[in-house]
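**Q** A single structure is presented below for examination.
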Amino acid sequence: MRRDLLIIAAAILVVVAVAAVGCLSSGIARADILSVSTDKDLYHSNEVMKISIDITASGTLNNTLLKIEGIEDRYGNLRLTREIAANLSPGTNQFSEDFRLPSCSHCAGLDAGSYFVNVTIEKDGMVMDSASRQVQIEQ
């Protein structure tokens, strides 16, 4: 009899634990990058690039980090870097950033061509989502 009660109690405990984990994991807010766009596809040396980013959040996410990086020169240096501390609210969150592009010259390590702008959203050091946008840079 006691053994049966012990088995039933253990089974109930397992069911409660699984339900608690399910409730906790479904309550964690998520963030996804909906789009990364630029005002143009083709840029020239020293122009200003306007980048627009739309992020959707399933709940409130404070202390998130939006990283914008890209335009890697031939030496491996990123010419475009920016980190934005963001508090996301449920629904769509819009961000807009302006960047002055570097001089495009062979001597500076930045030849005319295609380059990527990479956007990452992080929370507590964990990447939640990332997206890229390709642009052309000419002299």
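Letters for chains follow the order of the structure tokens (A, B, ...), residue numbers begin at 1 for each chain, and ligand numbers begin at 1 in the order shown.
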Extract, using only C-alpha atoms, all DNA, RNA and protein residues at most 8 Å from A:Lys50, discarding same-chain residues fewer than 2 positions from it, and format them as a list of chain:residue names.
**A** A:Thr38, A:Asp39, A:Val48, A:Ser52, A:Ser96, A:Glu97, A:Asp98, A:Phe99
**Q** I want to know what sits within 10 Å of A:Ser35, based on only C-alpha atoms, with residues of the same chain fewer than 5 positions away left out; could you give that as a PyMOL selection string?
**A** chain A and resi 52-56+94+119+130-133
**Q** For a quick check of understanding, using only C-alpha atoms, which of A:Leu80, A:Ile12, A:Leu65, A:Gln136 has the smallest distance to A:Pro102?
**A**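 Counting only C-alpha atoms, the residue closest to A:Pro102 is A:Leu80.
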**Q** Which distance in Å separates atom CA of A:Asp32 and atom CA of A:Asn62, to one decimal?
**A**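 Separation of atom CA of A:Asp32 and atom CA of A:Asn62: 14.6 Å.
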**Q** Considering only C-alpha atoms, return as a list in words whatever protein or nucleic-acid residues lie within 12 Å of A:Ala86, sequence-local ones (same chain, fewer than 4 positions apart) excluded.
**A**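 Using only C-alpha atoms, the neighbours found are Ala31, Ile55, Ala57, Thr60, Leu61, Asn62, Asn63, Thr64, Leu65, Leu66, Lys67, Asn93, Gln94, Phe95, Ile121, Glu122 and Lys123 of chain A.
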**Q** Give me a file of those residues, with all heavy atoms, as a CSV table (one decimal), in the first residue's frame.
**A**
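Result saved to selection.csv:
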```
chain,number,residue,atom,x,y,z
A,31,ALA,N,12.9,37.5,-29.5
A,31,ALA,CA,13.0,38.6,-30.5
A,31,ALA,C,13.5,38.1,-31.8
A,31,ALA,O,14.4,37.2,-31.8
A,31,ALA,CB,14.0,39.7,-29.9
A,55,ILE,N,12.4,44.9,-35.6
A,55,ILE,CA,12.5,43.7,-34.8
A,55,ILE,C,11.2,43.5,-34.1
A,55,ILE,O,10.6,44.4,-33.6
A,55,ILE,CB,13.6,43.9,-33.7
A,55,ILE,CG1,15.0,44.1,-34.3
A,55,ILE,CG2,13.6,42.8,-32.7
A,55,ILE,CD1,16.1,44.5,-33.4
A,57,ALA,N,9.2,41.5,-31.0
A,57,ALA,CA,9.4,40.9,-29.7
A,57,ALA,C,8.1,40.3,-29.2
A,57,ALA,O,7.0,40.9,-29.3
A,57,ALA,CB,10.0,41.9,-28.7
A,60,THR,N,8.2,41.9,-23.3
A,60,THR,CA,9.2,42.9,-23.0
A,60,THR,C,10.6,42.3,-22.8
A,60,THR,O,10.7,41.3,-22.1
A,60,THR,CB,8.8,43.6,-21.6
A,60,THR,OG1,7.5,44.2,-21.9
A,60,THR,CG2,9.8,44.7,-21.2
A,61,LEU,N,11.6,42.9,-23.4
A,61,LEU,CA,13.0,42.4,-23.3
A,61,LEU,C,13.8,43.6,-23.0
A,61,LEU,O,14.2,44.4,-23.9
A,61,LEU,CB,13.4,41.8,-24.6
A,61,LEU,CG,12.9,40.4,-24.9
A,61,LEU,CD1,13.1,40.0,-26.4
A,61,LEU,CD2,13.6,39.4,-24.0
A,62,ASN,N,14.2,43.8,-21.8
A,62,ASN,CA,15.1,44.9,-21.4
A,62,ASN,C,16.5,44.5,-21.5
A,62,ASN,O,16.8,43.3,-21.5
A,62,ASN,CB,14.8,45.3,-20.0
A,62,ASN,CG,13.4,46.0,-19.8
A,62,ASN,OD1,13.0,46.7,-20.7
A,62,ASN,ND2,12.7,45.7,-18.7
A,63,ASN,N,17.4,45.4,-21.7
A,63,ASN,CA,18.8,45.2,-21.8
A,63,ASN,C,19.2,44.2,-22.9
A,63,ASN,O,20.1,43.3,-22.7
A,63,ASN,CB,19.4,44.7,-20.4
A,63,ASN,CG,19.1,45.6,-19.3
A,63,ASN,OD1,19.2,46.8,-19.4
A,63,ASN,ND2,18.6,45.1,-18.2
A,64,THR,N,18.7,44.5,-24.0
A,64,THR,CA,19.1,43.7,-25.2
A,64,THR,C,20.2,44.5,-25.9
A,64,THR,O,20.3,45.7,-25.7
A,64,THR,CB,18.0,43.4,-26.2
A,64,THR,OG1,17.3,44.6,-26.6
A,64,THR,CG2,17.0,42.4,-25.5
A,65,LEU,N,20.9,43.9,-26.8
A,65,LEU,CA,22.0,44.5,-27.5
A,65,LEU,C,21.8,44.3,-29.0
A,65,LEU,O,21.7,43.2,-29.5
A,65,LEU,CB,23.3,44.0,-27.1
A,65,LEU,CG,24.6,44.6,-27.7
A,65,LEU,CD1,24.7,46.1,-27.3
A,65,LEU,CD2,25.8,43.8,-27.3
A,66,LEU,N,21.7,45.4,-29.7
A,66,LEU,CA,21.6,45.4,-31.2
A,66,LEU,C,22.9,45.7,-31.7
A,66,LEU,O,23.5,46.8,-31.5
A,66,LEU,CB,20.5,46.4,-31.6
A,66,LEU,CG,20.2,46.5,-33.1
A,66,LEU,CD1,19.7,45.2,-33.7
A,66,LEU,CD2,19.3,47.7,-33.4
A,67,LYS,N,23.5,44.8,-32.5
A,67,LYS,CA,24.9,45.0,-33.0
A,67,LYS,C,24.8,45.1,-34.5
A,67,LYS,O,24.1,44.3,-35.2
A,67,LYS,CB,25.8,43.8,-32.7
A,67,LYS,CG,26.1,43.7,-31.2
A,67,LYS,CD,26.8,42.4,-31.0
A,67,LYS,CE,28.3,42.6,-30.8
A,67,LYS,NZ,29.0,41.4,-30.4
A,93,ASN,N,9.4,46.7,-33.1
A,93,ASN,CA,10.3,47.8,-32.7
A,93,ASN,C,11.2,48.2,-33.9
A,93,ASN,O,11.8,47.4,-34.5
A,93,ASN,CB,11.2,47.3,-31.5
A,93,ASN,CG,10.5,46.8,-30.3
A,93,ASN,OD1,10.3,47.6,-29.4
A,93,ASN,ND2,9.9,45.6,-30.3
A,94,GLN,N,11.2,49.5,-34.1
A,94,GLN,CA,11.9,50.0,-35.3
A,94,GLN,C,13.2,50.8,-34.8
A,94,GLN,O,13.1,51.6,-33.9
A,94,GLN,CB,11.0,50.9,-36.1
A,94,GLN,CG,9.9,50.1,-36.7
A,94,GLN,CD,8.9,51.0,-37.5
A,94,GLN,OE1,8.8,52.2,-37.2
A,94,GLN,NE2,8.3,50.4,-38.5
A,95,PHE,N,14.2,50.6,-35.6
A,95,PHE,CA,15.5,51.3,-35.3
A,95,PHE,C,16.0,51.9,-36.6
A,95,PHE,O,15.9,51.2,-37.7
A,95,PHE,CB,16.6,50.3,-34.7
A,95,PHE,CG,16.2,49.8,-33.4
A,95,PHE,CD1,15.4,48.6,-33.3
A,95,PHE,CD2,16.5,50.4,-32.2
A,95,PHE,CE1,15.1,48.1,-32.1
A,95,PHE,CE2,16.1,49.9,-31.0
A,95,PHE,CZ,15.4,48.7,-30.9
A,121,ILE,N,20.8,40.6,-32.8
A,121,ILE,CA,20.2,41.0,-31.5
A,121,ILE,C,20.6,39.9,-30.5
A,121,ILE,O,20.5,38.7,-30.7
A,121,ILE,CB,18.6,41.1,-31.7
A,121,ILE,CG1,18.0,41.7,-30.4
A,121,ILE,CG2,18.0,39.8,-32.1
A,121,ILE,CD1,18.0,43.1,-30.3
A,122,GLU,N,21.1,40.4,-29.3
A,122,GLU,CA,21.6,39.6,-28.3
A,122,GLU,C,20.9,39.9,-26.9
A,122,GLU,O,20.6,41.1,-26.7
A,122,GLU,CB,23.1,39.7,-28.1
A,122,GLU,CG,23.9,39.3,-29.3
A,122,GLU,CD,25.4,39.5,-29.0
A,122,GLU,OE1,25.8,39.8,-27.9
A,122,GLU,OE2,26.1,39.3,-30.0
A,123,LYS,N,20.8,38.9,-26.1
A,123,LYS,CA,20.2,39.1,-24.8
A,123,LYS,C,21.1,38.3,-23.8
A,123,LYS,O,21.2,37.0,-24.0
A,123,LYS,CB,18.8,38.7,-24.7
A,123,LYS,CG,18.1,38.7,-23.3
A,123,LYS,CD,17.8,40.1,-22.9
A,123,LYS,CE,17.0,40.0,-21.6
A,123,LYS,NZ,17.3,41.1,-20.7
```
**Q** Running DSSP on the backbone, which parts of chain A land in alpha helix (DSSP H), as JSON, numbers by chain?
**A** {"A": [2, 3, 4, 5, 6, 7, 8, 9, 10, 11, 12, 13, 14, 15, 16, 17, 18, 19, 20, 21, 22, 23, 24, 25, 26]}
**Q** Please return as a ChimeraX atom specification: the residues of stretch 6-110 of chain A that backbone DSSP assigns to strand (DSSP E).
**A** /A:31-38,42-44,48-57,61-72,78-88,91-100
**Q** Between atom CA of A:Leu34 and atom CA of A:Tyr115, what is the distance in Å, rounded to a tenth?
**A** 20.5 Å
**Q** Counting only C-alpha atoms, what is within 12 Å of A:Cys104, bar same-chain residues fewer than 6 positions away, as a list in words?
**A** Tyr43, His44, Ser45, Asn46, Glu47, Ile71, Glu72, Asp73, Arg74, Arg79, Leu110, Asp111, Ala112, Gly113, Ser114, Tyr115, Gln136, Ile137, Glu138 and Gln139 of chain A
**Q** Mind dumping the selected residues with N, CA, C and O atoms as a PDB file, in the first residue's frame?
**A**
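File part.pdb, as written:
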```pdb
ATOM      1  N   TYR A  43      26.259  52.676 -53.092  1.00  0.00           N
ATOM      2  CA  TYR A  43      26.820  53.833 -52.391  1.00  0.00           C
ATOM      3  C   TYR A  43      28.180  54.174 -52.970  1.00  0.00           C
ATOM      4  O   TYR A  43      28.837  53.338 -53.597  1.00  0.00           O
ATOM      5  N   HIS A  44      28.599  55.423 -52.717  1.00  0.00           N
ATOM      6  CA  HIS A  44      29.918  55.880 -53.132  1.00  0.00           C
ATOM      7  C   HIS A  44      30.701  56.291 -51.883  1.00  0.00           C
ATOM      8  O   HIS A  44      30.129  56.453 -50.802  1.00  0.00           O
ATOM      9  N   SER A  45      31.987  56.475 -52.050  1.00  0.00           N
ATOM     10  CA  SER A  45      32.867  56.848 -50.937  1.00  0.00           C
ATOM     11  C   SER A  45      32.282  57.996 -50.124  1.00  0.00           C
ATOM     12  O   SER A  45      31.764  58.964 -50.690  1.00  0.00           O
ATOM     13  N   ASN A  46      32.349  57.863 -48.830  1.00  0.00           N
ATOM     14  CA  ASN A  46      31.959  58.893 -47.864  1.00  0.00           C
ATOM     15  C   ASN A  46      30.475  59.262 -47.844  1.00  0.00           C
ATOM     16  O   ASN A  46      30.106  60.236 -47.211  1.00  0.00           O
ATOM     17  N   GLU A  47      29.634  58.520 -48.523  1.00  0.00           N
ATOM     18  CA  GLU A  47      28.191  58.786 -48.461  1.00  0.00           C
ATOM     19  C   GLU A  47      27.641  58.338 -47.110  1.00  0.00           C
ATOM     20  O   GLU A  47      28.239  57.525 -46.410  1.00  0.00           O
ATOM     21  N   ILE A  71      31.045  45.761 -43.682  1.00  0.00           N
ATOM     22  CA  ILE A  71      31.981  46.417 -44.591  1.00  0.00           C
ATOM     23  C   ILE A  71      33.418  46.075 -44.164  1.00  0.00           C
ATOM     24  O   ILE A  71      34.165  46.898 -43.656  1.00  0.00           O
ATOM     25  N   GLU A  72      33.748  44.825 -44.376  1.00  0.00           N
ATOM     26  CA  GLU A  72      35.062  44.310 -43.985  1.00  0.00           C
ATOM     27  C   GLU A  72      36.081  44.611 -45.076  1.00  0.00           C
ATOM     28  O   GLU A  72      35.897  44.248 -46.241  1.00  0.00           O
ATOM     29  N   ASP A  73      37.159  45.301 -44.685  1.00  0.00           N
ATOM     30  CA  ASP A  73      38.197  45.617 -45.666  1.00  0.00           C
ATOM     31  C   ASP A  73      39.091  44.405 -45.907  1.00  0.00           C
ATOM     32  O   ASP A  73      38.927  43.365 -45.275  1.00  0.00           O
ATOM     33  N   ARG A  74      40.019  44.531 -46.808  1.00  0.00           N
ATOM     34  CA  ARG A  74      40.838  43.361 -47.170  1.00  0.00           C
ATOM     35  C   ARG A  74      41.806  42.949 -46.065  1.00  0.00           C
ATOM     36  O   ARG A  74      42.414  41.892 -46.119  1.00  0.00           O
ATOM     37  N   ARG A  79      34.718  48.138 -41.001  1.00  0.00           N
ATOM     38  CA  ARG A  79      34.642  49.588 -41.107  1.00  0.00           C
ATOM     39  C   ARG A  79      33.340  50.136 -40.548  1.00  0.00           C
ATOM     40  O   ARG A  79      33.193  51.332 -40.376  1.00  0.00           O
ATOM     41  N   LEU A 110      39.908  49.107 -49.115  1.00  0.00           N
ATOM     42  CA  LEU A 110      38.481  48.963 -49.408  1.00  0.00           C
ATOM     43  C   LEU A 110      38.256  49.198 -50.896  1.00  0.00           C
ATOM     44  O   LEU A 110      38.135  50.327 -51.355  1.00  0.00           O
ATOM     45  N   ASP A 111      38.241  48.108 -51.636  1.00  0.00           N
ATOM     46  CA  ASP A 111      38.021  48.190 -53.079  1.00  0.00           C
ATOM     47  C   ASP A 111      36.534  48.315 -53.368  1.00  0.00           C
ATOM     48  O   ASP A 111      35.683  47.960 -52.542  1.00  0.00           O
ATOM     49  N   ALA A 112      36.224  48.799 -54.551  1.00  0.00           N
ATOM     50  CA  ALA A 112      34.829  48.829 -54.984  1.00  0.00           C
ATOM     51  C   ALA A 112      34.315  47.387 -55.045  1.00  0.00           C
ATOM     52  O   ALA A 112      35.042  46.469 -55.402  1.00  0.00           O
ATOM     53  N   GLY A 113      33.058  47.192 -54.629  1.00  0.00           N
ATOM     54  CA  GLY A 113      32.496  45.843 -54.664  1.00  0.00           C
ATOM     55  C   GLY A 113      31.312  45.684 -53.737  1.00  0.00           C
ATOM     56  O   GLY A 113      30.740  46.662 -53.246  1.00  0.00           O
ATOM     57  N   SER A 114      30.952  44.425 -53.481  1.00  0.00           N
ATOM     58  CA  SER A 114      29.816  44.085 -52.617  1.00  0.00           C
ATOM     59  C   SER A 114      30.289  43.881 -51.185  1.00  0.00           C
ATOM     60  O   SER A 114      31.319  43.231 -50.957  1.00  0.00           O
ATOM     61  N   TYR A 115      29.519  44.420 -50.263  1.00  0.00           N
ATOM     62  CA  TYR A 115      29.841  44.299 -48.843  1.00  0.00           C
ATOM     63  C   TYR A 115      28.577  43.984 -48.060  1.00  0.00           C
ATOM     64  O   TYR A 115      27.474  44.321 -48.484  1.00  0.00           O
ATOM     65  N   GLN A 136      26.412  47.622 -52.445  1.00  0.00           N
ATOM     66  CA  GLN A 136      27.530  47.855 -53.362  1.00  0.00           C
ATOM     67  C   GLN A 136      28.177  49.180 -52.986  1.00  0.00           C
ATOM     68  O   GLN A 136      27.483  50.155 -52.685  1.00  0.00           O
ATOM     69  N   ILE A 137      29.508  49.212 -53.009  1.00  0.00           N
ATOM     70  CA  ILE A 137      30.246  50.454 -52.778  1.00  0.00           C
ATOM     71  C   ILE A 137      31.181  50.666 -53.967  1.00  0.00           C
ATOM     72  O   ILE A 137      31.907  49.758 -54.375  1.00  0.00           O
ATOM     73  N   GLU A 138      31.124  51.883 -54.518  1.00  0.00           N
ATOM     74  CA  GLU A 138      31.995  52.265 -55.624  1.00  0.00           C
ATOM     75  C   GLU A 138      32.754  53.528 -55.257  1.00  0.00           C
ATOM     76  O   GLU A 138      32.435  54.168 -54.261  1.00  0.00           O
ATOM     77  N   GLN A 139      33.729  53.863 -56.080  1.00  0.00           N
ATOM     78  CA  GLN A 139      34.549  55.069 -55.850  1.00  0.00           C
ATOM     79  C   GLN A 139      33.699  56.317 -55.804  1.00  0.00           C
ATOM     80  O   GLN A 139      32.692  56.458 -56.344  1.00  0.00           O
TER      81      GLN A 139
END
```
**Q** Please indicate the distance in Å from atom CA of A:Gly125 to atom CA of A:Asn77, rounded to one decimal place.
**A**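 It comes out at 22.4 Å.
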